[in-house]
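The next block holds one structure in the form of structure tokens; read it before the comments.
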Amino acid sequence: MKIKFLGTGAAEGVPAMFCTCAFCNSVRAAGMSEVRTRSQVLIDDDILIDFPPEAYYHAFAMGVDLSSVAAVLVTHSHMDHFYAHDFILRGYKYAELSRNTLDIFGNAEVLCVFSECTRREMKPQVAPLIRLNEIKPFQEFFVADCRVIALPAEHTAAEDALLFYVERRGRGYLHLHDTGNLRGEAVEFLLKLGARADVVAYDCTFGARAGGLSARHMGLPDVLCVRSALENAGVIGRDAVNVLTHFSHNCRPYRADMDKLAADSGFVAAHDGLTITV
């Protein structure tokens with residue numbers, strides 16, 4: 001299984017779009033090595049988790065063939081994770097496709113946002129090429145020879161935000177972005193279904209600072225608690241690759257600093273373009 005972190009920033013990006021703080025200006029001066037685009041993960045070239053506004057940039061900057069993607073797993077409807085407007089361009093005169101049909105999996109609000117954003121410009125030639133699939137927490141389904149388990153995120157009361165476990169050929173990836181604590185029943189559900197993750201990507205929006213496990217995001221102290229819960233349950237082993245990602249500009253996530261923060265606690269800090277193969 002190959003996991004590529006296309007974007008590793010939080011909602012505002014790094015540098016933040018409208019921010020002129022000293023940190024953001026220093027990132028602009030440093031160039032692309034310090035930039036963090038909005039969160040997106042690619043699994044084995046055919047499964048995407050989330051679809052931010054930077055999906056177009058990720059495609060050409062990192063050699064991603066978006067037309068060959070079989071499925072997009074959407075965590076929630078917030079703009080930085082689901083920029084639905086771009087899907088009007090998947091076909092017709094806009095694109096020759098490697099794969100004819102795309103499945104989008106998301107909660108009810110994700111499907112509603114898709115309809116709102118594409119209603120004005122969606123061509124009748126494009127619409128049949130995109131299949132919308134509503135999913136809920138504690139649901140198991142299969143796509144493109146992958147087993148997927150949807151879990152509840154602690155993120156917003158407005159919708160059923162989701163986390164994902166994706167398994168292919170005996171390898172597992174656990175995606176824990178945009179969440180505070182991982183509920184005990186979520187860990188139990190993974191255990192019940194025999195999930196065992198080789199790679200886990202944790203929301204670390206606050207960097208070294210704790211968010212408090214009741215918050216909508218995590219920092220390293222919170223991540224440590226979640227990692228311990230997963231280890232104690234046997235969902236991950238001591239040889240699992242644990243990754244910190246989804247950094248806000250407010251934690252000043254210089255790449256060298258995040259690398260040290262992660263390494264000191266046995267993690268890997270993601271940067272845009274990082275690829276992990278297990």
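As shown in the structure tokens, the chain order sets the letters A, B, ...; within each chain, residues go from 1, and ligands are also counted from 1 in the order they appear.
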Original post:
Near A:Cys251, within 10 Å and counting only C-alpha atoms, which residues show up once chain neighbours fewer than 5 positions away are dropped, as a list in words?
Top reply: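 Contacts, with the query itself left out: Phe23, Cys204, Thr205, Phe206, Gly207, Ala208, Arg209, Gly219 and Met258 of chain A.
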Keeping only N, CA, C and O atoms, write those residues as a CSV table (one decimal), in the first residue's frame.
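This went into again_4.csv:
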chain,number,residue,atom,x,y,z
A,23,PHE,N,5.4,34.7,10.7
A,23,PHE,CA,5.6,33.3,10.2
A,23,PHE,C,5.1,33.1,8.8
A,23,PHE,O,5.9,32.6,7.9
A,204,CYS,N,-3.0,17.0,13.7
A,204,CYS,CA,-2.1,17.7,14.7
A,204,CYS,C,-2.1,19.2,14.4
A,204,CYS,O,-1.1,19.9,14.4
A,205,THR,N,-3.3,19.7,14.3
A,205,THR,CA,-3.6,21.1,14.0
A,205,THR,C,-2.9,22.0,14.9
A,205,THR,O,-2.3,23.1,14.5
A,206,PHE,N,-2.8,21.7,16.2
A,206,PHE,CA,-2.2,22.6,17.2
A,206,PHE,C,-0.7,22.4,17.4
A,206,PHE,O,-0.2,23.0,18.3
A,207,GLY,N,-0.1,21.5,16.7
A,207,GLY,CA,1.3,21.3,16.9
A,207,GLY,C,1.6,20.7,18.2
A,207,GLY,O,1.0,19.7,18.7
A,208,ALA,N,2.5,21.3,19.0
A,208,ALA,CA,3.0,20.9,20.3
A,208,ALA,C,1.9,21.1,21.4
A,208,ALA,O,2.0,20.5,22.4
A,209,ARG,N,1.0,22.0,21.1
A,209,ARG,CA,0.0,22.4,22.1
A,209,ARG,C,-1.2,21.5,22.1
A,209,ARG,O,-1.6,21.0,21.1
A,219,GLY,N,-3.6,18.3,19.2
A,219,GLY,CA,-2.2,18.6,19.2
A,219,GLY,C,-1.5,17.4,19.7
A,219,GLY,O,-2.1,16.4,20.0
A,258,MET,N,8.7,20.6,12.9
A,258,MET,CA,7.7,19.5,12.9
A,258,MET,C,8.4,18.2,12.9
A,258,MET,O,8.0,17.2,13.5
**OP:** For stretch 41-47 of chain A, please output as number ranges by chain all residues within 10 Å (counting only C-alpha atoms; exclusion window: fewer than 2 positions along the same chain).
**Re:** A: 1-8, 39, 49-51, 63-73, 99, 103, 143-144, 146, 166, 168, 173, 175, 201, 272-277
**OP:** Would you kindly return, as an NGL selection string, each protein, DNA or RNA residue with an atom no farther than 8 Å from any atom of A:Tyr92, considering only C-alpha atoms and excluding same-chain residues fewer than 4 positions away?
**Re:** :A and (96 or 123 or 125-126)
Original post:
Quick one: of A:Phe141, A:Leu220, A:Ala197, A:His76, who's nearest to A:Glu159, counting only C-alpha atoms?
Top reply: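 Checking each of A:Phe141, A:Leu220, A:Ala197, A:His76 against A:Glu159, counting only C-alpha atoms, the winner is A:His76.
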**OP:** Pick out the closest residue to A:Leu163 from this set: A:Asn133, A:Met218, A:Glu231, A:Thr75. Count only C-alpha atoms.
**Re:**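 Smallest separation from A:Leu163 among the options: A:Thr75.
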Original post:
Any idea what the distance is between atom CA of A:Val278 and atom CA of A:Gly237?
Top reply: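 About the pair atom CA of A:Val278 and atom CA of A:Gly237: they are 13.5 Å apart.
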**OP:** Figure out the distance between atom CA of A:Thr245 and atom CA of A:Ala269, please, to one decimal in Å.
**Re:**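 Those two atoms sit 6.4 Å apart.
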